[in-house]
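Okay, so here's the structure we're looking at.
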Amino acid sequence: MKKYLEIAKILFKSQMAYRFDVAMTVLFTVTKILFAYILWGAIFAQNEVVGGFTFPMMLSYYIISSFLSQIEMSDGVSREVSERIRSGTFSKYMVIPVSVNGYFIAQTFGTVAYYFIFVAIGTILWILLFGVGFVITSGILTILSTIVIIILGLLFMIQLNFFLGMLAFKFQDIEFFLMIKSNIVSFVTGGLVPLMLLPQSIVSVMKIFPFYYVTYLPSMLLIGENGHEAVTGIIMLSIWLFVFVLLNKITYVKMRVIYDGVGI
Amino acid sequence: MIIETKNLTKTYKLFEKEAGLRGSVKSLFKRKFSYKTALSNFDITVNEGEFIGLIGPNGAGKTTLVKILTGIVAKTSGEVSVLGFYSNKLEHAFKKQYAVVMGQKSQLFFELTASDTFLLFKELYGIPKEEYQKNLDYFVTLFEVEKLLNVQVRTLSLGERMKMELIAALLHNPKVLFLDEPTIGLDAVAQRQIRTFLKEVNENKGTTIILTSHYMEDIKSLCKRCVVVNHGEKNYDGDTDTLFQRYRTHKKITLCFAEETNFLLPEGCILVEQNPLKAVFMVPVTTSQELVTMFMKQYVLNDITIEEDEIGSVVERIYDSRKVESE
């Protein structure tokens, strides 16, 4: 465990080299909030409640989901795994006494920890500046289960991206798979539109898949909604996580033997 | 014996495509593959504490051999045992006992200092604090890099970076160190420093070292034993000096004449350069002494120099040869 902590630590330290990136990330947390403020401000000017949401609730949802999608940095895993396989430098991970999957989990958590701090600073800053009537649950149990869901969601996304990255063992290019994933994720996680506004039948289907629980459910839980789904969220994410951990284990063992270690 | 391979064979599957747009479109519908045998029935045994050089032209199979021995690449057939393990199983217990440094692949974090990477390696390999400090001090002193430890890696020179790679690789006292072109692109001073370092590590720590390099100076000064690999086969396995001696078939003679001379090249010699006042040519080692005596009698000379055969020519002959009887 200590070695994975050290991997997370070194990635955390690496992020500190890019001060400009971090400053921009903090600064641009405002764009999504601003967009939501203008768009929903116009809609709520005529209606007090839309789809069960009040204006402060809707803004809070956007702020929280924007925060969660910004710290969900598992995208880097599929990119790095595939690029390293294609360039022949994946061997870097194969020769050290550490699980490659574990390495990428630790690496992502190290990066996320860093951004968590700075994105949180940015978000709080804009909430105060805009004077948003921020709605957040006060239930300790809800907050705790949300934290568990967020961690499970991140772990699942890392596993999904690790799997997609590994496809580069077999395929020359995996851009197509990444594009599909990216489109599905941005829609299904509720990052674009709160899923509650969609027809119930579609939402029911979405609940079978893990993406519903990655950003949307924790955002809803934090604004005090969907409390009854917390346990389901934990169970569903745990099942999906287990499936993907197993899938990755099998895939890695099968795929790495076809790795030639040659670059492009 | 810590490394043993028997009939080790590795075949790569290569994607082939005709040139041009037509070829690209055709390849979309019908993939064409060819197979390249990088290693063929390769046998090698390595004993503890040896310093072995792997030489051969580009694409000969040296790097493939290193990749199989370190477990990065799986064999196609044959047997391989490294420190008692089947390398491609990639067990942690195995990986803790060796290290690999590839000239063009880095383990260092470029945004951070070398010390940061060393601390990571301390945890990855579970090196006890005292042992870590002792090893770090030893290698840092040997390379004289104390002042560079806390400098961002990306600002280090290529030579300095390679020194740090070697330190990172050796912190856990590996039993075997695999080096693939560690001096590639380095200047003469850095190359010499790295050679001195490796020699010391091999002699004082007893680390078995397997080195591939295109710089024959590396091989000649470090490896008592060398293995010539060509077309995936072992052409020679034995004493390095004997190999070079065997292919050092010519000597280079330069004659500077005192007056304009019509020099006649003796039979069996190869002309390199000639003008009325100077002649440069290669003579077979077996007849060199006799010919020099003859030149001194036959011509009025200002100067005569006799040089050893150029290492490049020797290597070319070694690579061109088929199997040589091993020692």
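FYI, nothing fancy with the structure tokens labels: chains A, B, ... in order, residues from 1 per chain, ligands from 1 as they appear.
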(request) With a distance threshold of 10 Å and counting only C-alpha atoms, extract the residues of chain A near chain B and express them as a ChimeraX atom specification. (result) /A:1-11,13-18,88-99,253,256-262
Grab the residues selected above and save them as a short mmCIF file (atom, residue, chain, number, x, y, z; two decimals), in the first residue's frame with C-alpha atoms.
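Written output follows (result27.cif):
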```cif
data_model
loop_
_atom_site.label_atom_id
_atom_site.label_comp_id
_atom_site.auth_asym_id
_atom_site.auth_seq_id
_atom_site.Cartn_x
_atom_site.Cartn_y
_atom_site.Cartn_z
CA MET A 1 0.00 0.00 0.00
CA LYS A 2 2.86 2.32 0.86
CA LYS A 3 4.26 2.10 -2.64
CA TYR A 4 0.95 3.15 -4.17
CA LEU A 5 0.77 6.06 -1.76
CA GLU A 6 4.25 7.11 -2.93
CA ILE A 7 3.09 6.91 -6.58
CA ALA A 8 0.11 9.13 -5.75
CA LYS A 9 2.48 11.49 -3.90
CA ILE A 10 4.92 11.80 -6.80
CA LEU A 11 2.08 12.56 -9.22
CA LYS A 13 4.20 16.71 -6.71
CA SER A 14 4.45 16.56 -10.54
CA GLN A 15 1.30 18.66 -10.88
CA MET A 16 2.94 21.44 -8.92
CA ALA A 17 5.30 22.02 -11.83
CA TYR A 18 2.42 23.34 -13.93
CA GLY A 88 6.92 1.13 -26.94
CA THR A 89 7.45 2.76 -23.55
CA PHE A 90 4.78 0.76 -21.73
CA SER A 91 7.63 -1.49 -20.59
CA LYS A 92 8.41 1.23 -18.03
CA TYR A 93 5.54 -0.11 -15.93
CA MET A 94 6.15 -3.77 -16.66
CA VAL A 95 9.63 -3.91 -15.18
CA ILE A 96 8.89 -2.38 -11.77
CA PRO A 97 7.47 -4.50 -8.93
CA VAL A 98 4.03 -2.97 -8.92
CA SER A 99 0.62 -3.81 -10.40
CA VAL A 253 -2.77 -11.11 -18.79
CA ARG A 256 0.42 -8.08 -22.62
CA VAL A 257 1.87 -11.23 -24.15
CA ILE A 258 1.17 -9.82 -27.61
CA TYR A 259 3.06 -6.63 -26.72
CA ASP A 260 6.20 -6.32 -28.81
CA GLY A 261 7.61 -3.29 -27.07
CA VAL A 262 8.36 -1.55 -30.33
#
```
(message) When DSSP is applied to the backbone of this structure, which of segment 61-218 of chain B are assigned strand (DSSP E or B)? Write them out as a VMD selection string.
(response) chain B and resid 77 to 82 85 98 to 102 105 113 152 176 to 180 208 to 212
Excluding segment 238-247 of chain A and any residue of its chain fewer than 4 positions from it, enumerate the residues within 12 Å of it, using only C-alpha atoms, and give them as a short mmCIF file (atom, residue, chain, number, x, y, z; two decimals) with N, CA and C atoms, in the first residue's frame.
```cif
data_model
loop_
_atom_site.label_atom_id
_atom_site.label_comp_id
_atom_site.auth_asym_id
_atom_site.auth_seq_id
_atom_site.Cartn_x
_atom_site.Cartn_y
_atom_site.Cartn_z
N ASN A 101 -2.14 -1.78 -13.15
CA ASN A 101 -3.45 -1.20 -12.91
C ASN A 101 -3.40 -0.35 -11.62
N GLY A 102 -2.79 -0.92 -10.59
CA GLY A 102 -2.64 -0.21 -9.31
C GLY A 102 -1.86 1.08 -9.48
N ILE A 105 -4.17 3.63 -10.91
CA ILE A 105 -5.16 4.09 -9.92
C ILE A 105 -4.49 5.12 -9.01
N VAL A 148 -18.39 8.05 -0.63
CA VAL A 148 -18.13 6.66 -1.05
C VAL A 148 -18.48 6.49 -2.53
N ILE A 149 -19.62 7.05 -2.93
CA ILE A 149 -20.06 6.94 -4.34
C ILE A 149 -19.06 7.65 -5.27
N ILE A 150 -18.61 8.82 -4.85
CA ILE A 150 -17.65 9.57 -5.68
C ILE A 150 -16.36 8.73 -5.87
N ILE A 151 -15.87 8.16 -4.77
CA ILE A 151 -14.63 7.36 -4.85
C ILE A 151 -14.85 6.12 -5.72
N LEU A 152 -15.98 5.43 -5.51
CA LEU A 152 -16.28 4.24 -6.32
C LEU A 152 -16.42 4.62 -7.80
N GLY A 153 -17.07 5.77 -8.04
CA GLY A 153 -17.26 6.25 -9.41
C GLY A 153 -15.93 6.52 -10.09
N LEU A 154 -15.03 7.15 -9.35
CA LEU A 154 -13.71 7.45 -9.91
C LEU A 154 -12.94 6.16 -10.18
N LEU A 155 -13.03 5.23 -9.23
CA LEU A 155 -12.36 3.94 -9.42
C LEU A 155 -12.90 3.22 -10.65
N PHE A 156 -14.22 3.28 -10.81
CA PHE A 156 -14.82 2.62 -11.98
C PHE A 156 -14.33 3.28 -13.26
N MET A 157 -14.33 4.61 -13.29
CA MET A 157 -13.91 5.32 -14.50
C MET A 157 -12.44 5.02 -14.84
N ILE A 158 -11.61 4.88 -13.80
CA ILE A 158 -10.20 4.53 -14.04
C ILE A 158 -10.13 3.15 -14.69
N GLN A 159 -10.94 2.22 -14.15
CA GLN A 159 -10.93 0.86 -14.70
C GLN A 159 -11.41 0.85 -16.15
N LEU A 160 -12.45 1.63 -16.43
CA LEU A 160 -12.97 1.70 -17.79
C LEU A 160 -11.90 2.25 -18.73
N ASN A 161 -11.23 3.32 -18.29
CA ASN A 161 -10.20 3.93 -19.13
C ASN A 161 -8.98 3.04 -19.27
N PHE A 162 -8.66 2.31 -18.23
CA PHE A 162 -7.52 1.38 -18.30
C PHE A 162 -7.83 0.30 -19.34
N PHE A 163 -9.08 -0.16 -19.32
CA PHE A 163 -9.49 -1.18 -20.29
C PHE A 163 -9.38 -0.63 -21.72
N LEU A 164 -9.91 0.58 -21.92
CA LEU A 164 -9.87 1.18 -23.27
C LEU A 164 -8.43 1.40 -23.72
N MET A 166 -5.87 -0.35 -22.87
CA MET A 166 -5.26 -1.64 -23.19
C MET A 166 -5.64 -2.16 -24.57
N LYS A 207 -30.05 3.82 -15.27
CA LYS A 207 -29.73 3.37 -13.91
C LYS A 207 -29.07 1.98 -13.90
N ILE A 208 -29.20 1.27 -15.01
CA ILE A 208 -28.56 -0.05 -15.08
C ILE A 208 -27.05 0.13 -15.26
N PHE A 209 -26.71 1.21 -15.94
CA PHE A 209 -25.30 1.45 -16.23
C PHE A 209 -24.65 2.31 -15.14
N PRO A 210 -23.34 2.23 -15.04
CA PRO A 210 -22.67 2.90 -13.91
C PRO A 210 -22.59 4.42 -14.03
N PHE A 211 -22.66 4.94 -15.25
CA PHE A 211 -22.40 6.36 -15.45
C PHE A 211 -23.39 7.26 -14.70
N TYR A 212 -24.61 6.77 -14.54
CA TYR A 212 -25.64 7.52 -13.81
C TYR A 212 -25.15 7.88 -12.40
N TYR A 213 -24.34 6.97 -11.84
CA TYR A 213 -23.93 7.12 -10.43
C TYR A 213 -22.60 7.87 -10.26
N VAL A 214 -21.96 8.18 -11.42
CA VAL A 214 -20.62 8.77 -11.32
C VAL A 214 -20.67 10.26 -10.96
N VAL A 231 -27.91 3.88 -1.51
CA VAL A 231 -27.48 2.48 -1.33
C VAL A 231 -27.39 1.77 -2.69
N THR A 232 -28.41 2.02 -3.53
CA THR A 232 -28.39 1.42 -4.88
C THR A 232 -27.12 1.85 -5.61
N GLY A 233 -26.80 3.13 -5.48
CA GLY A 233 -25.60 3.67 -6.14
C GLY A 233 -24.34 2.94 -5.72
N ILE A 234 -24.22 2.75 -4.39
CA ILE A 234 -23.03 2.07 -3.87
C ILE A 234 -22.98 0.63 -4.40
N THR A 251 -7.88 -9.27 -19.26
CA THR A 251 -7.41 -8.62 -20.49
C THR A 251 -5.92 -8.36 -20.44
N TYR A 252 -5.44 -7.87 -19.30
CA TYR A 252 -4.01 -7.55 -19.18
C TYR A 252 -3.15 -8.80 -19.37
N VAL A 253 -3.54 -9.86 -18.69
CA VAL A 253 -2.77 -11.11 -18.79
C VAL A 253 -2.76 -11.62 -20.23
N LYS A 254 -3.90 -11.52 -20.90
CA LYS A 254 -4.00 -12.03 -22.27
C LYS A 254 -3.32 -11.10 -23.27
N MET A 255 -3.47 -9.80 -23.06
CA MET A 255 -3.00 -8.83 -24.05
C MET A 255 -1.51 -8.54 -23.95
#
```
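Checking A:Asn248, A:Thr137, A:Ser65, A:Ser87 one by one against Asn226 of chain A, counting only C-alpha atoms, you find the shortest gap at A:Thr137.
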(request) Once DSSP has gone over the backbone, tell me which residues of segment 151-196 of chain A are in helix (DSSP H, G or I), as a ChimeraX atom specification. (result) /A:151-169,175-188,195-196
